[in-house]
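Here's the structure, in structure tokens; my notes come after.
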Amino acid sequence: MPSPHPRLPVSRRGFLLAGAGTAAALGLAARPARAATGRRPFGRYGSPAARLTPQTLYVDPHGRGDVTSVRDGVAAATGSGRTLVIAPGIYRDTVALDVTRTEATWIGASEDPRDTVIVYDNAAGTPKPGGGTYGTTGSATTTVQADGFTARWITFANDWLRADHPDITGTQAVAVKVQGDRGAFHHCRFLGHQDTLYADSMALGTFARQYYAHCYVEGDVDFVFGRATAVYDHCHFRTLDRTDLAAAPYGFVFAPSTAGANPRGYLVTGSRVSSEAPDAFYKLARPWVPSSDTTARPSLTVRDSHLGPGIDPVAPYTNMSDAFPWQSQRFAEYRNTGPGARITVPGNRPQLTPEQAGSATRATYLGDWAPWKEEC
């Protein structure tokens with residue numbers, strides 16, 4: 001996406017202050033170190049000597065599993081229905097789950113997403129070996145193309161920083177790109193700045209369904225974006241402060257690019273938006289109509305959620321391109337609360353009717369797939 005001019009979870013901004021590239025930089029060194037030296041690095045999920053199922057593989061950076069990296073675990077887990085149980089640790093690598101590895105499950109063994117971190121630092125403008133740059137898609141730390149993917153208690157991060165690379169103008173840096181249908185993330189964290197969570201599909205005509213429950217997402221510019229049909233259920237979105245800009249807006253939380261033929265884009269329900277930035281310095285959303293699909297009609301409904309003071313209540317939406325004004329897209333709200341939800345200019349805050357809200361539910365969006373019923 002183009003750049004514009006009770007206790008909070010440990011954020012990427014916080015752990016980067018300690019110095020990038022080290023365990024201490026993640027602010028997690030003490031927690032994983034204690035957990036990883038225990039007798040049960042895989043918690044209640046067995047071990048290589050006592051596998052939960054023959055389809056289960058164990059990842060541990062200290063060598064007590066089948067492999068020491070998530071990338072090697074994915075390579076070894078061929079076919080369908082494989083589970084990776086991932087011990088606490090910081091796994092610095094890029095990882096890709098291709099379309100053949102369907103119905104995969106990744107589990108953070110400690111059941112605390114702060115302990116199991118998959119992180120890398122490519123940006124769209126990062127030079128590639130052999131020439132060229134990675135582009136937005138290529139910048140992703142983790143890419144999930146397979147259908148039926150489930151992740152629990154894992155942090156997906158991209159710790160590339162603008163300040164460290166003033167020569168790079170392609171500042172999009174994706175933590176995870178999800179393209180498969182039926183992708184579910186429970187109690188996960190997504191940490192980045194620009195384009196953190198890319199909820200997408202494999203092709204323009206493919207309506208991929210995704211579900212994010214009790215997750216934490218942070219960033220600044222378009223940090224939840226893409227064309228998937230995605231439900232964000234009881235999630236926490238955190239907008240970051242910026243020292244490189246002198247005035248608002250600092251960024252945008254959502255930038256959906258829903259295909260015009262797709263009746264449903266993003267649904268945010270029972271969630272909250274908080275901020276490190278000054279009041280009203282963020283927009284809730286702007287529509288992304290990409291050059292590859294100028295017929296897109298971005299769709300976003302935010303309902304029953306708390307919008308903190310970081311969101312501009314007077315003009316919460318803005319255009320990405322004047323050729324595609326946000327008023328022509330499918331943006332709506334319903335029964336939101338908080339200072340960022342205050343309706344001061346009614347024309348700037350389209351509201352669902354109660355009848356319309358009856359169809360704005362996770363069940364309607366996801367159809368015959370009910371991931372919230374899966375056991376944790």
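Ligands are numbered from 1 in the order shown, chains are lettered A, B, ... in the order of the structure tokens, and residues start at 1 in each chain.
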- Message: Need to verify the contact set: segment 57-60 of chain A, 7 Å, only C-alpha atoms, exclusion of same-chain residues closer than 5 positions in sequence. Can you return it as a PyMOL selection string?
- Response: chain A and resi 47-48+65-70+73+83-87
Atoms to include: all heavy atoms. Write the selected residues as a PDB file, in the first residue's frame.
```pdb
ATOM      1  N   SER A  47       5.930 -34.505  22.363  1.00  0.00           N
ATOM      2  CA  SER A  47       7.343 -34.340  22.031  1.00  0.00           C
ATOM      3  C   SER A  47       7.671 -35.328  20.924  1.00  0.00           C
ATOM      4  O   SER A  47       6.849 -36.198  20.586  1.00  0.00           O
ATOM      5  CB  SER A  47       8.209 -34.639  23.268  1.00  0.00           C
ATOM      6  OG  SER A  47       8.128 -36.027  23.588  1.00  0.00           O
ATOM      7  N   PRO A  48       8.868 -35.248  20.349  1.00  0.00           N
ATOM      8  CA  PRO A  48       9.223 -36.253  19.339  1.00  0.00           C
ATOM      9  C   PRO A  48       9.153 -37.688  19.862  1.00  0.00           C
ATOM     10  O   PRO A  48       8.931 -38.615  19.090  1.00  0.00           O
ATOM     11  CB  PRO A  48      10.654 -35.866  18.962  1.00  0.00           C
ATOM     12  CG  PRO A  48      10.711 -34.397  19.197  1.00  0.00           C
ATOM     13  CD  PRO A  48       9.880 -34.185  20.428  1.00  0.00           C
ATOM     14  N   GLY A  65      13.643 -30.782  19.114  1.00  0.00           N
ATOM     15  CA  GLY A  65      12.532 -31.169  18.269  1.00  0.00           C
ATOM     16  C   GLY A  65      13.008 -31.946  17.059  1.00  0.00           C
ATOM     17  O   GLY A  65      14.138 -32.462  17.007  1.00  0.00           O
ATOM     18  N   ASP A  66      12.142 -32.023  16.058  1.00  0.00           N
ATOM     19  CA  ASP A  66      12.526 -32.669  14.797  1.00  0.00           C
ATOM     20  C   ASP A  66      13.391 -31.754  13.954  1.00  0.00           C
ATOM     21  O   ASP A  66      14.270 -32.224  13.215  1.00  0.00           O
ATOM     22  CB  ASP A  66      11.262 -33.033  14.010  1.00  0.00           C
ATOM     23  CG  ASP A  66      10.375 -34.009  14.761  1.00  0.00           C
ATOM     24  OD1 ASP A  66      10.832 -35.134  15.012  1.00  0.00           O
ATOM     25  OD2 ASP A  66       9.231 -33.634  15.096  1.00  0.00           O
ATOM     26  N   VAL A  67      13.143 -30.448  14.049  1.00  0.00           N
ATOM     27  CA  VAL A  67      13.893 -29.448  13.292  1.00  0.00           C
ATOM     28  C   VAL A  67      14.097 -28.235  14.189  1.00  0.00           C
ATOM     29  O   VAL A  67      13.450 -28.096  15.233  1.00  0.00           O
ATOM     30  CB  VAL A  67      13.152 -29.037  12.000  1.00  0.00           C
ATOM     31  CG1 VAL A  67      13.062 -30.207  11.010  1.00  0.00           C
ATOM     32  CG2 VAL A  67      11.750 -28.515  12.322  1.00  0.00           C
ATOM     33  N   THR A  68      14.977 -27.328  13.749  1.00  0.00           N
ATOM     34  CA  THR A  68      15.284 -26.158  14.581  1.00  0.00           C
ATOM     35  C   THR A  68      14.699 -24.867  14.040  1.00  0.00           C
ATOM     36  O   THR A  68      14.835 -23.821  14.683  1.00  0.00           O
ATOM     37  CB  THR A  68      16.807 -25.992  14.724  1.00  0.00           C
ATOM     38  OG1 THR A  68      17.381 -25.858  13.424  1.00  0.00           O
ATOM     39  CG2 THR A  68      17.428 -27.185  15.444  1.00  0.00           C
ATOM     40  N   SER A  69      14.060 -24.897  12.881  1.00  0.00           N
ATOM     41  CA  SER A  69      13.471 -23.680  12.322  1.00  0.00           C
ATOM     42  C   SER A  69      12.082 -23.977  11.785  1.00  0.00           C
ATOM     43  O   SER A  69      11.769 -25.119  11.398  1.00  0.00           O
ATOM     44  CB  SER A  69      14.342 -23.109  11.196  1.00  0.00           C
ATOM     45  OG  SER A  69      14.260 -23.916  10.032  1.00  0.00           O
ATOM     46  N   VAL A  70      11.247 -22.931  11.754  1.00  0.00           N
ATOM     47  CA  VAL A  70       9.900 -23.099  11.203  1.00  0.00           C
ATOM     48  C   VAL A  70       9.980 -23.392   9.717  1.00  0.00           C
ATOM     49  O   VAL A  70       9.219 -24.211   9.189  1.00  0.00           O
ATOM     50  CB  VAL A  70       9.055 -21.839  11.471  1.00  0.00           C
ATOM     51  CG1 VAL A  70       7.673 -21.966  10.834  1.00  0.00           C
ATOM     52  CG2 VAL A  70       8.919 -21.588  12.969  1.00  0.00           C
ATOM     53  N   GLY A  73      10.582 -26.924   9.333  1.00  0.00           N
ATOM     54  CA  GLY A  73       9.385 -27.659   9.706  1.00  0.00           C
ATOM     55  C   GLY A  73       8.379 -27.700   8.585  1.00  0.00           C
ATOM     56  O   GLY A  73       7.766 -28.736   8.311  1.00  0.00           O
ATOM     57  N   THR A  83       0.717 -30.870  11.504  1.00  0.00           N
ATOM     58  CA  THR A  83       0.766 -29.934  12.621  1.00  0.00           C
ATOM     59  C   THR A  83       2.201 -29.643  13.000  1.00  0.00           C
ATOM     60  O   THR A  83       3.010 -30.573  13.129  1.00  0.00           O
ATOM     61  CB  THR A  83       0.016 -30.504  13.845  1.00  0.00           C
ATOM     62  OG1 THR A  83      -1.361 -30.637  13.528  1.00  0.00           O
ATOM     63  CG2 THR A  83       0.163 -29.597  15.054  1.00  0.00           C
ATOM     64  N   LEU A  84       2.527 -28.357  13.174  1.00  0.00           N
ATOM     65  CA  LEU A  84       3.812 -27.952  13.737  1.00  0.00           C
ATOM     66  C   LEU A  84       3.573 -27.441  15.151  1.00  0.00           C
ATOM     67  O   LEU A  84       2.791 -26.507  15.355  1.00  0.00           O
ATOM     68  CB  LEU A  84       4.462 -26.837  12.917  1.00  0.00           C
ATOM     69  CG  LEU A  84       4.915 -27.132  11.489  1.00  0.00           C
ATOM     70  CD1 LEU A  84       5.651 -25.915  10.929  1.00  0.00           C
ATOM     71  CD2 LEU A  84       5.799 -28.367  11.435  1.00  0.00           C
ATOM     72  N   VAL A  85       4.202 -28.060  16.125  1.00  0.00           N
ATOM     73  CA  VAL A  85       4.215 -27.548  17.489  1.00  0.00           C
ATOM     74  C   VAL A  85       5.539 -26.811  17.650  1.00  0.00           C
ATOM     75  O   VAL A  85       6.614 -27.411  17.516  1.00  0.00           O
ATOM     76  CB  VAL A  85       4.069 -28.673  18.519  1.00  0.00           C
ATOM     77  CG1 VAL A  85       4.143 -28.108  19.936  1.00  0.00           C
ATOM     78  CG2 VAL A  85       2.751 -29.415  18.315  1.00  0.00           C
ATOM     79  N   ILE A  86       5.474 -25.512  17.930  1.00  0.00           N
ATOM     80  CA  ILE A  86       6.649 -24.652  17.880  1.00  0.00           C
ATOM     81  C   ILE A  86       7.016 -24.203  19.292  1.00  0.00           C
ATOM     82  O   ILE A  86       6.224 -23.537  19.978  1.00  0.00           O
ATOM     83  CB  ILE A  86       6.389 -23.437  16.975  1.00  0.00           C
ATOM     84  CG1 ILE A  86       5.865 -23.906  15.599  1.00  0.00           C
ATOM     85  CG2 ILE A  86       7.651 -22.611  16.815  1.00  0.00           C
ATOM     86  CD1 ILE A  86       5.391 -22.765  14.715  1.00  0.00           C
ATOM     87  N   ALA A  87       8.194 -24.598  19.740  1.00  0.00           N
ATOM     88  CA  ALA A  87       8.665 -24.237  21.080  1.00  0.00           C
ATOM     89  C   ALA A  87       8.958 -22.742  21.153  1.00  0.00           C
ATOM     90  O   ALA A  87       9.196 -22.084  20.137  1.00  0.00           O
ATOM     91  CB  ALA A  87       9.915 -25.035  21.427  1.00  0.00           C
TER      92      ALA A  87
END
```
- Message: At a cut-off of 8 Å, using only C-alpha atoms, what residues contact segment 325-329 of chain A? Leave out same-chain residues fewer than 4 positions from it and give the result as a ChimeraX atom specification.
- Response: /A:286-287,297-299,317-321
- In Å, how far is it from atom CA of Arg51 of chain A to atom CA of Glu111 of chain A?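 According to the coordinates, atom CA of Arg51 of chain A and atom CA of Glu111 of chain A are separated by 17.8 Å.
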- Query: If you run DSSP on the backbone, which residues of segment 70-147 of chain A are strand (DSSP E), as a list of chain:residue names?
  - Reply: A:Thr83, A:Leu84, A:Val85, A:Ile86, A:Gly89, A:Ile90, A:Tyr91, A:Arg92, A:Val95, A:Ala96, A:Leu97, A:Thr105, A:Trp106, A:Ile107, A:Gly108, A:Thr116, A:Val117, A:Ile118, A:Val119, A:Tyr120, A:Thr142, A:Thr143, A:Val144
- Of the candidates A:Ile118, A:Ala296, A:Met202, A:Ala146, which shows the shortest atom-to-atom distance to Gly79 of chain A, using only C-alpha atoms? A:Ala146
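Reported to one decimal place, the separation of atom CA of Asp159 of chain A from atom CA of Arg114 of chain A is 14.8 Å.
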